[in-house]
Amino acid sequence: MAPVDLTPKQPRKAYGGDGGAYYEWSPADLPMLSVASIGAAKLSLAAGGLALPSYSDSAKVAYVLQGTGTCGIVLPEATKEKVVAVKEGDALALPFGVVTWWHNGPAAPTPLTVLFLGDTSKGHRPGQFTNFQLTGATGIFTGFSTEFVSRAWDLPEADAAALVSSQPASGIVRASSSPLPAPSPRDREGVAINCLEAPLDVDIPGGGRVVVLNTANLPLVKEVGLGADLVRIDAHSMCSPGFSCDSAYQVTYIVRGSGRVQVVGPDGVRVLETRVEGGFLFIVPRFHVVSKIADASGMEWFSIITTPNPIFSHLAGKTSVWKAISAEVLQASFNTTPEMEKLFRSKRLDSEIFFAPPSN
């Protein structure tokens with residue numbers, strides 16, 4: 001069986017117009033998407049842009065990469081939408097059946113850019129989201145006959161036909177001057193968390209910082225079935241070699257900065273060695289070991305893990321498996337001397353998963 005290409009890729013534009021654009025990663029370009037049944041896409045709304053109400057065949061985590069705006073969320077069986085103010089660093093859990101719309105204010109100085117990562121194992125196309133628009137040229141009701149729409153909405157057939165055809169655009173529009181609903185702080189509770197402001201789960205001076213999304217700080221993560229984290233490492237710092245020990249895939253989007261990545265699989269084969277920068281996405285196969293070293297700019301990435309409360313094992317640092325293994329087994333395993341075993345064990349006693357660059 002030929003190895004799957006793990007090369008990081010950028011997305012391609014799927015559709016868009018004056019209001020903005022929708023981009024997606026395709027399994028044709030990134031085969032690991034279909035292997036892992038993961039979807040990945042990005043929405044960019046210009047000032048005044050509105051992503052029309054839609055739902056998806058996949059549960060997702062949304063992460064705001066840039067800008068500020070508003071997200072409307074209608075949970076299954078809800079009688080009222082939640083209107084949430086969003087800004088850079090916000091992560092939102094979007095379970096199955098959720099209807100959403102997104103809006104960037106008409107005077108916004110920057111685009112509103114949102115990353116979507118999710119599980120497509122129950123979707124129509126493994127490795128790719130299928131979104132169902134409620135209105136517009138590709139809206140669900142354009143497929144029903146006027147009779148069915150008229151009966152469903154209790155409208156005269158002429159009015160039903162006019163309403164269905166009144167929005168000629170598809171997916172994304174530039175909103176009219178009419179004001180949209182104002183966001184409510186209460187609607188945000190339990191739906192979103194800001195990863196740039198949340199308490200740090202790991203904070204290593206000169207090394208890096210991590211905020212982990214799980215069922216404790218974002219309860220809807222349980223319904224989505226995914227965990228996530230935002231990792232920021234400093235210039236020339238290293239992220240310890242490690243692997244997900246609960247059979248999960250790790251999907252990583254580079255938010256900003258750049259650096260080097262190595263991934264090693266079975267039989268000690270290095271299956272990926274590359275340099276990544278902002279805008280690229282890659283997937284680490286199950287049980288493979290991954291490590292990263294930042295360039296001078298540092299590096300920041302947002303990842304999802306295909307389990308809501310992921311567990312990682314690290315192979316370097318004070319929490320690594322080597323610190324737990326007995327001296328005798330370590331010595332025999334490496335076929336080395338007691339002196340080398342002691343030297344090896346004496347290192348990284350204070351460093352956890354991020355290692356600052358060596359001092360000159």
# chains A, B, ... in the order shown; residues from 1 in each chain; ligands from 1
$ residues_around --residues "stretch 192-199 of chain A" --least-positions-apart "5" --cutoff "8 Å" --atoms "only C-alpha atoms" --output "ChimeraX atom specification"
/A:88-93,211,217-218,230
$ residues_around --residues "A:Arg345" --least-positions-apart "6" --cutoff "9 Å" --atoms "only C-alpha atoms" --output "list in words"
Trp322, Lys323 and Ala327 of chain A
$ select_by_dssp --residues "stretch 50-268 of chain A" --states "strand (DSSP E or B)" --output "ChimeraX atom specification"
/A:50-56,59-66,68-74,82-87,90-94,99-103,112-119,125,128,131-133,172-174,192-194,202-204,208-213,227-233,238-244,250-264
$ residues_around --residues "A:Ser170" --least-positions-apart "5" --cutoff "8 Å" --atoms "only C-alpha atoms" --output "ChimeraX atom specification"
/A:135-139
$ write_last_selection --atoms "all heavy atoms" --output "PDB file, in the first residue's frame"
ATOM      1  N   THR A 135     -31.435  29.608   1.835  1.00  0.00           N
ATOM      2  CA  THR A 135     -31.954  30.584   0.874  1.00  0.00           C
ATOM      3  C   THR A 135     -30.935  30.765  -0.241  1.00  0.00           C
ATOM      4  O   THR A 135     -29.844  30.216  -0.204  1.00  0.00           O
ATOM      5  CB  THR A 135     -32.219  31.956   1.527  1.00  0.00           C
ATOM      6  OG1 THR A 135     -30.966  32.525   1.939  1.00  0.00           O
ATOM      7  CG2 THR A 135     -33.122  31.832   2.736  1.00  0.00           C
ATOM      8  N   GLY A 136     -31.299  31.588  -1.217  1.00  0.00           N
ATOM      9  CA  GLY A 136     -30.380  31.883  -2.314  1.00  0.00           C
ATOM     10  C   GLY A 136     -30.572  30.958  -3.493  1.00  0.00           C
ATOM     11  O   GLY A 136     -31.431  30.063  -3.502  1.00  0.00           O
ATOM     12  N   ALA A 137     -29.732  31.166  -4.513  1.00  0.00           N
ATOM     13  CA  ALA A 137     -29.875  30.436  -5.768  1.00  0.00           C
ATOM     14  C   ALA A 137     -29.694  28.938  -5.612  1.00  0.00           C
ATOM     15  O   ALA A 137     -30.204  28.156  -6.436  1.00  0.00           O
ATOM     16  CB  ALA A 137     -28.863  30.982  -6.782  1.00  0.00           C
ATOM     17  N   THR A 138     -28.976  28.517  -4.577  1.00  0.00           N
ATOM     18  CA  THR A 138     -28.781  27.079  -4.321  1.00  0.00           C
ATOM     19  C   THR A 138     -29.483  26.651  -3.040  1.00  0.00           C
ATOM     20  O   THR A 138     -29.142  25.623  -2.448  1.00  0.00           O
ATOM     21  CB  THR A 138     -27.285  26.743  -4.228  1.00  0.00           C
ATOM     22  OG1 THR A 138     -26.680  27.549  -3.193  1.00  0.00           O
ATOM     23  CG2 THR A 138     -26.565  27.011  -5.542  1.00  0.00           C
ATOM     24  N   GLY A 139     -30.454  27.446  -2.603  1.00  0.00           N
ATOM     25  CA  GLY A 139     -31.172  27.152  -1.375  1.00  0.00           C
ATOM     26  C   GLY A 139     -32.052  25.924  -1.494  1.00  0.00           C
ATOM     27  O   GLY A 139     -32.503  25.547  -2.586  1.00  0.00           O
TER      28      GLY A 139
END
$ residues_around --residues "A:Ser145" --least-positions-apart "4" --cutoff "10 Å" --atoms "only C-alpha atoms" --output "list of chain:residue names"
A:Phe141, A:Val149, A:Ser150, A:Glu157, A:Ala160, A:Ala161
$ closest_residue --among "A:Gly97, A:Gly39, A:Val61, A:Pro181" --to "A:Pro76" --atoms "only C-alpha atoms"
A:Gly97
